[in-house]
$ cat target.cif   # mmCIF, N, CA and C atoms
data_input
#
loop_
_atom_site.label_atom_id
_atom_site.label_comp_id
_atom_site.auth_asym_id
_atom_site.auth_seq_id
_atom_site.Cartn_x
_atom_site.Cartn_y
_atom_site.Cartn_z
N MET O 38 -26.06 68.00 1.44
CA MET O 38 -25.01 67.67 0.52
C MET O 38 -24.36 68.94 -0.05
N GLU O 39 -25.15 69.95 -0.43
CA GLU O 39 -24.62 71.14 -1.07
C GLU O 39 -23.76 71.99 -0.14
N GLU O 40 -23.94 71.86 1.18
CA GLU O 40 -23.21 72.73 2.08
C GLU O 40 -21.70 72.49 2.05
N ASN O 41 -21.25 71.35 1.56
CA ASN O 41 -19.82 71.06 1.47
C ASN O 41 -19.23 71.49 0.13
N TYR O 42 -20.02 72.10 -0.72
CA TYR O 42 -19.57 72.49 -2.05
C TYR O 42 -19.34 74.00 -2.11
N SER O 43 -18.29 74.38 -2.85
CA SER O 43 -17.96 75.80 -3.04
C SER O 43 -17.94 76.10 -4.53
N ILE O 44 -18.12 77.37 -4.85
CA ILE O 44 -18.12 77.78 -6.25
C ILE O 44 -16.73 77.58 -6.84
N PHE O 45 -16.67 76.83 -7.93
CA PHE O 45 -15.42 76.59 -8.64
C PHE O 45 -15.29 77.53 -9.83
N ARG O 46 -16.33 77.63 -10.63
CA ARG O 46 -16.35 78.51 -11.80
C ARG O 46 -17.76 79.03 -12.01
N ARG O 47 -17.84 80.19 -12.70
CA ARG O 47 -19.13 80.77 -13.10
C ARG O 47 -19.13 80.92 -14.61
N PHE O 48 -20.30 80.74 -15.20
CA PHE O 48 -20.44 80.83 -16.64
C PHE O 48 -21.68 81.65 -16.99
N PRO O 49 -21.62 82.36 -18.11
CA PRO O 49 -22.78 83.14 -18.53
C PRO O 49 -23.88 82.29 -19.16
N THR O 50 -23.53 81.07 -19.61
CA THR O 50 -24.53 80.22 -20.26
C THR O 50 -24.56 78.83 -19.65
N LEU O 51 -25.72 78.22 -19.71
CA LEU O 51 -25.90 76.86 -19.22
C LEU O 51 -25.05 75.88 -20.04
N GLU O 52 -24.92 76.14 -21.33
CA GLU O 52 -24.14 75.26 -22.22
C GLU O 52 -22.68 75.16 -21.77
N GLN O 53 -22.07 76.30 -21.46
CA GLN O 53 -20.67 76.30 -21.02
C GLN O 53 -20.52 75.57 -19.69
N ALA O 54 -21.44 75.82 -18.78
CA ALA O 54 -21.38 75.17 -17.46
C ALA O 54 -21.55 73.66 -17.60
N THR O 55 -22.47 73.24 -18.44
CA THR O 55 -22.72 71.82 -18.64
C THR O 55 -21.51 71.12 -19.25
N GLU O 56 -20.81 71.81 -20.15
CA GLU O 56 -19.60 71.25 -20.76
C GLU O 56 -18.56 70.95 -19.68
N LEU O 57 -18.36 71.88 -18.76
CA LEU O 57 -17.41 71.65 -17.68
C LEU O 57 -17.89 70.54 -16.75
N LYS O 58 -19.17 70.56 -16.43
CA LYS O 58 -19.73 69.52 -15.56
C LYS O 58 -19.49 68.13 -16.15
N ASP O 59 -19.71 68.00 -17.46
CA ASP O 59 -19.50 66.72 -18.14
C ASP O 59 -18.02 66.31 -18.12
N LEU O 60 -17.13 67.27 -18.36
CA LEU O 60 -15.69 66.99 -18.34
C LEU O 60 -15.26 66.51 -16.95
N LEU O 61 -15.75 67.17 -15.92
CA LEU O 61 -15.41 66.77 -14.56
C LEU O 61 -15.97 65.39 -14.23
N LYS O 62 -17.18 65.12 -14.69
CA LYS O 62 -17.81 63.82 -14.44
C LYS O 62 -17.00 62.69 -15.08
N GLU O 63 -16.51 62.94 -16.31
CA GLU O 63 -15.68 61.95 -16.99
C GLU O 63 -14.42 61.63 -16.19
N SER O 64 -13.96 62.57 -15.41
CA SER O 64 -12.74 62.41 -14.61
C SER O 64 -13.04 61.97 -13.19
N GLY O 65 -14.31 61.67 -12.91
CA GLY O 65 -14.68 61.17 -11.59
C GLY O 65 -14.87 62.24 -10.53
N ILE O 66 -15.07 63.48 -10.94
CA ILE O 66 -15.30 64.56 -9.98
C ILE O 66 -16.78 64.91 -9.97
N GLU O 67 -17.37 64.80 -8.79
CA GLU O 67 -18.78 65.11 -8.62
C GLU O 67 -18.93 66.63 -8.51
N SER O 68 -19.90 67.19 -9.22
CA SER O 68 -20.12 68.63 -9.17
C SER O 68 -21.61 68.93 -9.14
N ILE O 69 -21.92 70.16 -8.74
CA ILE O 69 -23.29 70.63 -8.71
C ILE O 69 -23.40 71.83 -9.64
N LEU O 70 -24.41 71.82 -10.46
CA LEU O 70 -24.69 72.94 -11.34
C LEU O 70 -25.74 73.80 -10.66
N ALA O 71 -25.40 75.06 -10.39
CA ALA O 71 -26.32 75.95 -9.68
C ALA O 71 -26.64 77.15 -10.55
N ASP O 72 -27.91 77.42 -10.68
CA ASP O 72 -28.38 78.54 -11.48
C ASP O 72 -28.77 79.67 -10.53
N ASN O 73 -28.02 80.78 -10.57
CA ASN O 73 -28.39 81.88 -9.70
C ASN O 73 -29.00 83.04 -10.48
N VAL O 74 -29.59 82.71 -11.63
CA VAL O 74 -30.28 83.72 -12.42
C VAL O 74 -31.53 84.15 -11.66
N PRO O 75 -31.72 85.46 -11.45
CA PRO O 75 -32.89 85.92 -10.71
C PRO O 75 -34.19 85.59 -11.43
N SER O 76 -35.22 85.34 -10.64
CA SER O 76 -36.51 84.98 -11.24
C SER O 76 -37.20 86.19 -11.86
N VAL O 77 -36.80 87.38 -11.46
CA VAL O 77 -37.38 88.61 -11.99
C VAL O 77 -36.37 89.24 -12.95
N ASP O 78 -36.86 89.79 -14.06
CA ASP O 78 -35.97 90.43 -15.02
C ASP O 78 -35.42 91.72 -14.42
N ILE O 79 -34.11 91.77 -14.22
CA ILE O 79 -33.49 92.96 -13.62
C ILE O 79 -32.67 93.72 -14.67
N THR O 80 -32.98 93.51 -15.93
CA THR O 80 -32.24 94.12 -17.01
C THR O 80 -32.16 95.64 -16.86
N PHE O 81 -33.25 96.25 -16.43
CA PHE O 81 -33.28 97.71 -16.35
C PHE O 81 -32.45 98.26 -15.20
N SER O 82 -32.18 97.45 -14.22
CA SER O 82 -31.36 97.93 -13.11
C SER O 82 -29.88 97.88 -13.46
N GLY O 83 -29.55 97.15 -14.52
CA GLY O 83 -28.17 97.07 -14.96
C GLY O 83 -27.35 96.06 -14.19
N ASN O 84 -27.95 95.32 -13.30
CA ASN O 84 -27.23 94.36 -12.49
C ASN O 84 -27.27 93.00 -13.18
N THR O 85 -26.20 92.69 -13.90
CA THR O 85 -26.14 91.40 -14.58
C THR O 85 -25.03 90.53 -14.00
N LEU O 86 -24.34 91.02 -12.95
CA LEU O 86 -23.23 90.26 -12.38
C LEU O 86 -23.68 88.94 -11.79
N ASN O 87 -24.87 88.91 -11.22
CA ASN O 87 -25.36 87.69 -10.59
C ASN O 87 -26.00 86.73 -11.57
N ASN O 88 -26.10 87.14 -12.81
CA ASN O 88 -26.80 86.37 -13.82
C ASN O 88 -25.86 85.33 -14.43
N GLN O 89 -25.47 84.34 -13.59
CA GLN O 89 -24.53 83.35 -14.06
C GLN O 89 -24.86 81.97 -13.51
N ILE O 90 -24.34 80.98 -14.22
CA ILE O 90 -24.49 79.59 -13.82
C ILE O 90 -23.20 79.20 -13.10
N GLU O 91 -23.34 78.54 -11.97
CA GLU O 91 -22.18 78.17 -11.18
C GLU O 91 -21.95 76.67 -11.20
N ILE O 92 -20.68 76.30 -11.20
CA ILE O 92 -20.27 74.91 -10.99
C ILE O 92 -19.66 74.88 -9.60
N ARG O 93 -20.19 74.02 -8.77
CA ARG O 93 -19.70 73.91 -7.40
C ARG O 93 -19.07 72.53 -7.20
N LEU O 94 -17.95 72.54 -6.48
CA LEU O 94 -17.21 71.32 -6.19
C LEU O 94 -16.89 71.26 -4.71
N LYS O 95 -16.51 70.06 -4.28
CA LYS O 95 -15.95 69.93 -2.95
C LYS O 95 -14.58 70.60 -2.99
N GLN O 96 -14.23 71.29 -1.90
CA GLN O 96 -12.93 71.97 -1.84
C GLN O 96 -11.78 71.00 -2.13
N THR O 97 -11.91 69.76 -1.70
CA THR O 97 -10.84 68.78 -1.89
C THR O 97 -10.63 68.42 -3.36
N ASP O 98 -11.62 68.73 -4.23
CA ASP O 98 -11.51 68.42 -5.65
C ASP O 98 -11.00 69.59 -6.50
N PHE O 99 -10.83 70.77 -5.90
CA PHE O 99 -10.44 71.96 -6.66
C PHE O 99 -9.12 71.75 -7.40
N LYS O 100 -8.10 71.24 -6.71
CA LYS O 100 -6.78 71.09 -7.32
C LYS O 100 -6.84 70.11 -8.49
N LYS O 101 -7.52 68.99 -8.31
CA LYS O 101 -7.64 67.99 -9.38
C LYS O 101 -8.40 68.59 -10.57
N ALA O 102 -9.45 69.35 -10.29
CA ALA O 102 -10.24 69.97 -11.36
C ALA O 102 -9.40 70.99 -12.13
N GLU O 103 -8.59 71.77 -11.42
CA GLU O 103 -7.69 72.72 -12.08
C GLU O 103 -6.72 71.99 -13.00
N GLU O 104 -6.18 70.88 -12.53
CA GLU O 104 -5.24 70.10 -13.34
C GLU O 104 -5.92 69.56 -14.59
N ILE O 105 -7.16 69.13 -14.46
CA ILE O 105 -7.92 68.62 -15.61
C ILE O 105 -8.12 69.73 -16.63
N LEU O 106 -8.48 70.92 -16.16
CA LEU O 106 -8.70 72.06 -17.07
C LEU O 106 -7.40 72.48 -17.75
N GLU O 107 -6.30 72.47 -17.01
CA GLU O 107 -5.02 72.84 -17.60
C GLU O 107 -4.59 71.84 -18.67
N LYS O 108 -4.80 70.54 -18.39
CA LYS O 108 -4.44 69.51 -19.37
C LYS O 108 -5.29 69.67 -20.63
N ARG O 109 -6.57 69.92 -20.44
CA ARG O 109 -7.47 70.11 -21.59
C ARG O 109 -7.04 71.33 -22.40
N ALA O 110 -6.67 72.41 -21.71
CA ALA O 110 -6.22 73.62 -22.39
C ALA O 110 -4.96 73.34 -23.19
N ARG O 111 -4.02 72.61 -22.60
CA ARG O 111 -2.78 72.26 -23.32
C ARG O 111 -3.10 71.45 -24.58
N ASP O 112 -4.03 70.52 -24.46
CA ASP O 112 -4.42 69.70 -25.61
C ASP O 112 -5.04 70.55 -26.72
N LEU O 113 -5.86 71.52 -26.33
CA LEU O 113 -6.53 72.38 -27.31
C LEU O 113 -5.58 73.38 -27.96
N ILE O 114 -4.55 73.79 -27.22
CA ILE O 114 -3.61 74.79 -27.74
C ILE O 114 -2.94 74.31 -29.02
N ASP O 115 -2.65 73.02 -29.09
CA ASP O 115 -2.00 72.48 -30.28
C ASP O 115 -2.90 72.56 -31.52
N GLN O 116 -4.19 72.71 -31.30
CA GLN O 116 -5.15 72.76 -32.40
C GLN O 116 -5.62 74.18 -32.71
N ILE O 117 -5.14 75.16 -31.94
CA ILE O 117 -5.66 76.53 -32.07
C ILE O 117 -5.18 77.19 -33.36
N ASP O 118 -6.07 77.95 -33.96
CA ASP O 118 -5.75 78.68 -35.18
C ASP O 118 -4.84 79.85 -34.83
N LYS O 119 -3.86 80.12 -35.68
CA LYS O 119 -2.86 81.15 -35.39
C LYS O 119 -3.43 82.57 -35.45
N ASP O 120 -4.68 82.75 -35.84
CA ASP O 120 -5.26 84.09 -35.79
C ASP O 120 -6.06 84.33 -34.50
N TYR O 121 -5.92 83.44 -33.54
CA TYR O 121 -6.54 83.61 -32.23
C TYR O 121 -6.01 84.90 -31.61
N TYR O 122 -6.87 85.67 -30.99
CA TYR O 122 -6.54 87.04 -30.56
C TYR O 122 -5.33 87.15 -29.63
N LEU O 123 -5.06 86.15 -28.81
CA LEU O 123 -3.93 86.25 -27.88
C LEU O 123 -2.58 86.31 -28.61
N PHE O 124 -2.51 85.76 -29.81
CA PHE O 124 -1.27 85.81 -30.56
C PHE O 124 -0.90 87.24 -30.96
N GLN O 125 -1.90 88.14 -30.94
CA GLN O 125 -1.65 89.54 -31.28
C GLN O 125 -1.25 90.37 -30.07
N PHE O 126 -1.37 89.81 -28.87
CA PHE O 126 -1.05 90.54 -27.64
C PHE O 126 0.45 90.80 -27.55
N SER O 127 0.80 91.95 -26.95
CA SER O 127 2.20 92.24 -26.66
C SER O 127 2.63 91.39 -25.47
N ASP O 128 3.94 91.32 -25.23
CA ASP O 128 4.43 90.58 -24.07
C ASP O 128 3.82 91.13 -22.79
N GLU O 129 3.76 92.46 -22.70
CA GLU O 129 3.20 93.09 -21.50
C GLU O 129 1.75 92.67 -21.28
N GLU O 130 0.98 92.63 -22.35
CA GLU O 130 -0.42 92.21 -22.24
C GLU O 130 -0.53 90.75 -21.83
N LEU O 131 0.36 89.92 -22.33
CA LEU O 131 0.34 88.50 -21.96
C LEU O 131 0.71 88.31 -20.49
N TYR O 132 1.67 89.08 -20.01
CA TYR O 132 2.00 89.02 -18.59
C TYR O 132 0.82 89.48 -17.74
N GLU O 133 0.06 90.43 -18.25
CA GLU O 133 -1.14 90.90 -17.56
C GLU O 133 -2.17 89.76 -17.44
N VAL O 134 -2.28 88.95 -18.49
CA VAL O 134 -3.16 87.77 -18.44
C VAL O 134 -2.70 86.84 -17.32
N LEU O 135 -1.38 86.63 -17.22
CA LEU O 135 -0.84 85.76 -16.17
C LEU O 135 -1.07 86.36 -14.79
N LEU O 136 -0.91 87.67 -14.68
CA LEU O 136 -1.10 88.34 -13.39
C LEU O 136 -2.55 88.27 -12.95
N LYS O 137 -3.47 88.50 -13.88
CA LYS O 137 -4.90 88.53 -13.55
C LYS O 137 -5.59 87.24 -14.01
N SER O 138 -4.99 86.12 -13.65
CA SER O 138 -5.50 84.82 -14.11
C SER O 138 -6.95 84.60 -13.70
N ASP O 139 -7.39 85.23 -12.61
CA ASP O 139 -8.76 85.08 -12.15
C ASP O 139 -9.77 85.72 -13.11
N GLU O 140 -9.31 86.60 -13.99
CA GLU O 140 -10.19 87.27 -14.94
C GLU O 140 -10.20 86.59 -16.30
N TRP O 141 -9.40 85.55 -16.45
CA TRP O 141 -9.27 84.86 -17.74
C TRP O 141 -9.61 83.38 -17.58
N ASN O 142 -9.98 82.75 -18.68
CA ASN O 142 -10.24 81.32 -18.60
C ASN O 142 -8.92 80.55 -18.64
N VAL O 143 -8.97 79.29 -18.26
CA VAL O 143 -7.77 78.46 -18.17
C VAL O 143 -7.07 78.35 -19.52
N PHE O 144 -7.85 78.27 -20.58
CA PHE O 144 -7.27 78.16 -21.93
C PHE O 144 -6.40 79.37 -22.25
N ASP O 145 -6.94 80.58 -22.05
CA ASP O 145 -6.19 81.79 -22.36
C ASP O 145 -4.97 81.93 -21.45
N TYR O 146 -5.12 81.57 -20.21
CA TYR O 146 -4.01 81.63 -19.25
C TYR O 146 -2.87 80.71 -19.70
N THR O 147 -3.22 79.50 -20.10
CA THR O 147 -2.22 78.52 -20.54
C THR O 147 -1.60 78.94 -21.88
N LEU O 148 -2.43 79.46 -22.78
CA LEU O 148 -1.93 79.91 -24.08
C LEU O 148 -0.99 81.11 -23.90
N ALA O 149 -1.30 82.01 -23.01
CA ALA O 149 -0.42 83.17 -22.76
C ALA O 149 0.97 82.69 -22.34
N GLN O 150 1.02 81.67 -21.50
CA GLN O 150 2.31 81.10 -21.09
C GLN O 150 3.07 80.55 -22.30
N LYS O 151 2.35 79.81 -23.14
CA LYS O 151 2.99 79.18 -24.29
C LYS O 151 3.52 80.23 -25.27
N VAL O 152 2.72 81.27 -25.53
CA VAL O 152 3.15 82.31 -26.46
C VAL O 152 4.39 83.02 -25.93
N LEU O 153 4.40 83.33 -24.65
CA LEU O 153 5.57 83.98 -24.06
C LEU O 153 6.81 83.09 -24.16
N LYS O 154 6.63 81.79 -23.92
CA LYS O 154 7.77 80.86 -24.04
C LYS O 154 8.27 80.82 -25.48
N GLN O 155 7.33 80.82 -26.45
CA GLN O 155 7.72 80.80 -27.86
C GLN O 155 8.50 82.06 -28.24
N ARG O 156 8.20 83.15 -27.55
CA ARG O 156 8.89 84.43 -27.80
C ARG O 156 10.20 84.53 -27.03
N GLY O 157 10.57 83.45 -26.34
CA GLY O 157 11.83 83.43 -25.64
C GLY O 157 11.79 84.00 -24.23
N ARG O 158 10.60 84.23 -23.70
CA ARG O 158 10.45 84.77 -22.34
C ARG O 158 10.46 83.62 -21.35
N SER O 159 11.01 83.88 -20.20
CA SER O 159 11.11 82.86 -19.16
C SER O 159 9.82 82.80 -18.35
N ILE O 160 9.22 81.63 -18.31
CA ILE O 160 8.02 81.39 -17.52
C ILE O 160 8.27 80.12 -16.73
N ASP O 161 8.22 80.22 -15.41
CA ASP O 161 8.36 79.03 -14.58
C ASP O 161 7.36 79.09 -13.43
N LYS O 162 7.29 78.00 -12.69
CA LYS O 162 6.32 77.90 -11.59
C LYS O 162 6.54 79.01 -10.56
N GLU O 163 7.80 79.35 -10.31
CA GLU O 163 8.11 80.39 -9.33
C GLU O 163 7.53 81.74 -9.75
N LEU O 164 7.69 82.08 -11.04
CA LEU O 164 7.14 83.33 -11.55
C LEU O 164 5.62 83.32 -11.44
N LEU O 165 4.99 82.22 -11.87
CA LEU O 165 3.54 82.13 -11.83
C LEU O 165 3.02 82.25 -10.40
N ASN O 166 3.71 81.61 -9.45
CA ASN O 166 3.29 81.70 -8.05
C ASN O 166 3.46 83.11 -7.52
N SER O 167 4.54 83.79 -7.89
CA SER O 167 4.73 85.17 -7.41
C SER O 167 3.67 86.10 -8.00
N LEU O 168 3.31 85.88 -9.28
CA LEU O 168 2.24 86.68 -9.88
C LEU O 168 0.91 86.43 -9.17
N LYS O 169 0.65 85.18 -8.83
CA LYS O 169 -0.58 84.83 -8.12
C LYS O 169 -0.62 85.51 -6.75
N ASN O 170 0.50 85.46 -6.04
CA ASN O 170 0.58 86.08 -4.72
C ASN O 170 0.42 87.59 -4.81
N GLU O 171 1.04 88.20 -5.82
CA GLU O 171 0.91 89.65 -6.03
C GLU O 171 -0.55 90.01 -6.29
N ARG O 172 -1.21 89.21 -7.10
CA ARG O 172 -2.62 89.45 -7.41
C ARG O 172 -3.48 89.35 -6.16
N LEU O 173 -3.23 88.34 -5.34
CA LEU O 173 -4.00 88.17 -4.11
C LEU O 173 -3.81 89.36 -3.17
N LYS O 174 -2.58 89.88 -3.10
CA LYS O 174 -2.32 91.07 -2.27
C LYS O 174 -3.11 92.27 -2.80
N ASN O 175 -3.12 92.44 -4.14
CA ASN O 175 -3.85 93.57 -4.73
C ASN O 175 -5.35 93.43 -4.50
N LEU O 176 -5.87 92.23 -4.60
CA LEU O 176 -7.30 92.03 -4.40
C LEU O 176 -7.70 92.21 -2.93
N ALA O 177 -6.76 91.97 -2.02
CA ALA O 177 -7.05 92.08 -0.59
C ALA O 177 -7.09 93.53 -0.12
N LYS O 178 -6.54 94.44 -0.91
CA LYS O 178 -6.55 95.86 -0.54
C LYS O 178 -7.98 96.39 -0.57
N PRO O 179 -8.30 97.27 0.40
CA PRO O 179 -9.66 97.84 0.42
C PRO O 179 -9.91 98.78 -0.73
#

$ encode --input "target.cif" --output "structure tokens"
Amino acid sequence: MEENYSIFRRFPTLEQATELKDLLKESGIESILADNVPSVDITFSGNTLNNQIEIRLKQTDFKKAEEILEKRARDLIDQIDKDYYLFQFSDEELYEVLLKSDEWNVFDYTLAQKVLKQRGRSIDKELLNSLKNERLKNLAKP
């Protein structure tokens, strides 16, 4: 069963991963919670990159799961406190969030778009797709 599943998101804590798993389950998306925390303490080696909990989905569910996360982020944005750190970002920093969306969570990515729009900046699907393509080209470089 697991061989058809791919990593959708990684989390530093079980609590965060479980929250996403529950949200996906409510929407009818089956997921697997995978713990890749090493059995031996590797703190002294400094390697903590692998110390994460993974949510795995069927590839066919990725798009639907992304849509669910984006909708949830939009819903939460209306409730966000105005002292949230992204509101202090410059336009350039917010565009950087959009460019490096893989390094940010869906909430921050969606909020960056909203803040830029509120500041009168043009954000559309074409721009977001071009930023995504530019990022993929940069990541593909050796």

$ resolve_selection --input "target.cif" --expression "the PyMOL selection byres (((chain O and resi 71 and name CA) around 9) and name CA)" --output "PyMOL selection string"
chain O and resi 69-70+72-73+89-93

$ closest_residue --input "target.cif" --among "O:Asp145, O:Asp112, O:Glu140, O:Glu107" --to "Phe124 of chain O" --atoms "only C-alpha atoms"
O:Asp145

$ closest_residue --input "target.cif" --among "O:Glu67, O:Ser138, O:Phe99, O:Lys62" --to "Phe45 of chain O" --atoms "all atoms listed in the file"
O:Phe99

$ atom_distance --input "target.cif" --atom1 "atom C of Arg46 of chain O" --atom2 "atom C of Gly65 of chain O"
17.1 Å

$ closest_residue --input "target.cif" --among "O:Asp139, O:Leu176, O:Glu63, O:Phe144" --to "Arg109 of chain O" --atoms "only N, CA and C atoms"
O:Phe144

$ build_atoms --input "target.cif" --residues "segment 134-143 of chain O" --atoms "all heavy atoms" --output "PDB file, keeping the file's coordinate frame"
ATOM      1  N   VAL O 134      -2.280  88.950 -18.490  1.00  0.00           N
ATOM      2  CA  VAL O 134      -3.160  87.770 -18.440  1.00  0.00           C
ATOM      3  C   VAL O 134      -2.700  86.840 -17.320  1.00  0.00           C
ATOM      4  O   VAL O 134      -3.509  86.334 -16.542  1.00  0.00           O
ATOM      5  CB  VAL O 134      -3.171  87.013 -19.798  1.00  0.00           C
ATOM      6  CG1 VAL O 134      -3.909  85.693 -19.677  1.00  0.00           C
ATOM      7  CG2 VAL O 134      -3.787  87.879 -20.891  1.00  0.00           C
ATOM      8  N   LEU O 135      -1.380  86.630 -17.220  1.00  0.00           N
ATOM      9  CA  LEU O 135      -0.840  85.760 -16.170  1.00  0.00           C
ATOM     10  C   LEU O 135      -1.070  86.360 -14.790  1.00  0.00           C
ATOM     11  O   LEU O 135      -1.402  85.637 -13.841  1.00  0.00           O
ATOM     12  CB  LEU O 135       0.648  85.504 -16.391  1.00  0.00           C
ATOM     13  CG  LEU O 135       1.030  84.827 -17.704  1.00  0.00           C
ATOM     14  CD1 LEU O 135       2.526  84.590 -17.764  1.00  0.00           C
ATOM     15  CD2 LEU O 135       0.263  83.533 -17.914  1.00  0.00           C
ATOM     16  N   LEU O 136      -0.910  87.670 -14.680  1.00  0.00           N
ATOM     17  CA  LEU O 136      -1.100  88.340 -13.390  1.00  0.00           C
ATOM     18  C   LEU O 136      -2.550  88.270 -12.950  1.00  0.00           C
ATOM     19  O   LEU O 136      -2.849  87.987 -11.791  1.00  0.00           O
ATOM     20  CB  LEU O 136      -0.658  89.806 -13.478  1.00  0.00           C
ATOM     21  CG  LEU O 136      -0.914  90.664 -12.245  1.00  0.00           C
ATOM     22  CD1 LEU O 136      -0.128  90.145 -11.049  1.00  0.00           C
ATOM     23  CD2 LEU O 136      -0.561  92.115 -12.522  1.00  0.00           C
ATOM     24  N   LYS O 137      -3.470  88.500 -13.880  1.00  0.00           N
ATOM     25  CA  LYS O 137      -4.900  88.530 -13.550  1.00  0.00           C
ATOM     26  C   LYS O 137      -5.590  87.240 -14.010  1.00  0.00           C
ATOM     27  O   LYS O 137      -6.636  87.265 -14.659  1.00  0.00           O
ATOM     28  CB  LYS O 137      -5.554  89.754 -14.185  1.00  0.00           C
ATOM     29  CG  LYS O 137      -4.999  91.057 -13.639  1.00  0.00           C
ATOM     30  CD  LYS O 137      -5.676  92.252 -14.241  1.00  0.00           C
ATOM     31  CE  LYS O 137      -5.128  93.527 -13.625  1.00  0.00           C
ATOM     32  NZ  LYS O 137      -5.745  94.713 -14.217  1.00  0.00           N
ATOM     33  N   SER O 138      -4.990  86.120 -13.650  1.00  0.00           N
ATOM     34  CA  SER O 138      -5.500  84.820 -14.110  1.00  0.00           C
ATOM     35  C   SER O 138      -6.950  84.600 -13.700  1.00  0.00           C
ATOM     36  O   SER O 138      -7.681  83.877 -14.368  1.00  0.00           O
ATOM     37  CB  SER O 138      -4.621  83.698 -13.577  1.00  0.00           C
ATOM     38  OG  SER O 138      -4.629  83.681 -12.166  1.00  0.00           O
ATOM     39  N   ASP O 139      -7.390  85.230 -12.610  1.00  0.00           N
ATOM     40  CA  ASP O 139      -8.760  85.080 -12.150  1.00  0.00           C
ATOM     41  C   ASP O 139      -9.770  85.720 -13.110  1.00  0.00           C
ATOM     42  O   ASP O 139     -10.948  85.413 -13.059  1.00  0.00           O
ATOM     43  CB  ASP O 139      -8.936  85.679 -10.745  1.00  0.00           C
ATOM     44  CG  ASP O 139      -8.537  87.139 -10.688  1.00  0.00           C
ATOM     45  OD1 ASP O 139      -7.371  87.458 -11.023  1.00  0.00           O
ATOM     46  OD2 ASP O 139      -9.387  87.969 -10.313  1.00  0.00           O
ATOM     47  N   GLU O 140      -9.310  86.600 -13.990  1.00  0.00           N
ATOM     48  CA  GLU O 140     -10.190  87.270 -14.940  1.00  0.00           C
ATOM     49  C   GLU O 140     -10.200  86.590 -16.300  1.00  0.00           C
ATOM     50  O   GLU O 140     -10.917  87.029 -17.204  1.00  0.00           O
ATOM     51  CB  GLU O 140      -9.750  88.733 -15.121  1.00  0.00           C
ATOM     52  CG  GLU O 140      -9.888  89.563 -13.858  1.00  0.00           C
ATOM     53  CD  GLU O 140      -9.421  90.992 -14.043  1.00  0.00           C
ATOM     54  OE1 GLU O 140      -9.059  91.383 -15.180  1.00  0.00           O
ATOM     55  OE2 GLU O 140      -9.430  91.727 -13.051  1.00  0.00           O
ATOM     56  N   TRP O 141      -9.400  85.550 -16.450  1.00  0.00           N
ATOM     57  CA  TRP O 141      -9.270  84.860 -17.740  1.00  0.00           C
ATOM     58  C   TRP O 141      -9.610  83.380 -17.580  1.00  0.00           C
ATOM     59  O   TRP O 141      -9.473  82.826 -16.496  1.00  0.00           O
ATOM     60  CB  TRP O 141      -7.836  84.993 -18.269  1.00  0.00           C
ATOM     61  CG  TRP O 141      -7.485  86.401 -18.600  1.00  0.00           C
ATOM     62  CD1 TRP O 141      -7.033  87.366 -17.743  1.00  0.00           C
ATOM     63  CD2 TRP O 141      -7.584  87.032 -19.876  1.00  0.00           C
ATOM     64  NE1 TRP O 141      -6.837  88.536 -18.406  1.00  0.00           N
ATOM     65  CE2 TRP O 141      -7.165  88.364 -19.717  1.00  0.00           C
ATOM     66  CE3 TRP O 141      -7.975  86.585 -21.129  1.00  0.00           C
ATOM     67  CZ2 TRP O 141      -7.136  89.259 -20.778  1.00  0.00           C
ATOM     68  CZ3 TRP O 141      -7.937  87.482 -22.186  1.00  0.00           C
ATOM     69  CH2 TRP O 141      -7.529  88.806 -22.006  1.00  0.00           C
ATOM     70  N   ASN O 142      -9.980  82.750 -18.680  1.00  0.00           N
ATOM     71  CA  ASN O 142     -10.240  81.320 -18.600  1.00  0.00           C
ATOM     72  C   ASN O 142      -8.920  80.550 -18.640  1.00  0.00           C
ATOM     73  O   ASN O 142      -7.873  81.096 -18.978  1.00  0.00           O
ATOM     74  CB  ASN O 142     -11.212  80.864 -19.707  1.00  0.00           C
ATOM     75  CG  ASN O 142     -10.662  81.080 -21.098  1.00  0.00           C
ATOM     76  OD1 ASN O 142      -9.510  80.764 -21.382  1.00  0.00           O
ATOM     77  ND2 ASN O 142     -11.488  81.619 -21.984  1.00  0.00           N
ATOM     78  N   VAL O 143      -8.970  79.290 -18.260  1.00  0.00           N
ATOM     79  CA  VAL O 143      -7.770  78.460 -18.170  1.00  0.00           C
ATOM     80  C   VAL O 143      -7.070  78.350 -19.520  1.00  0.00           C
ATOM     81  O   VAL O 143      -5.845  78.361 -19.608  1.00  0.00           O
ATOM     82  CB  VAL O 143      -8.117  77.053 -17.625  1.00  0.00           C
ATOM     83  CG1 VAL O 143      -6.910  76.141 -17.639  1.00  0.00           C
ATOM     84  CG2 VAL O 143      -8.687  77.153 -16.225  1.00  0.00           C
TER      85      VAL O 143
END
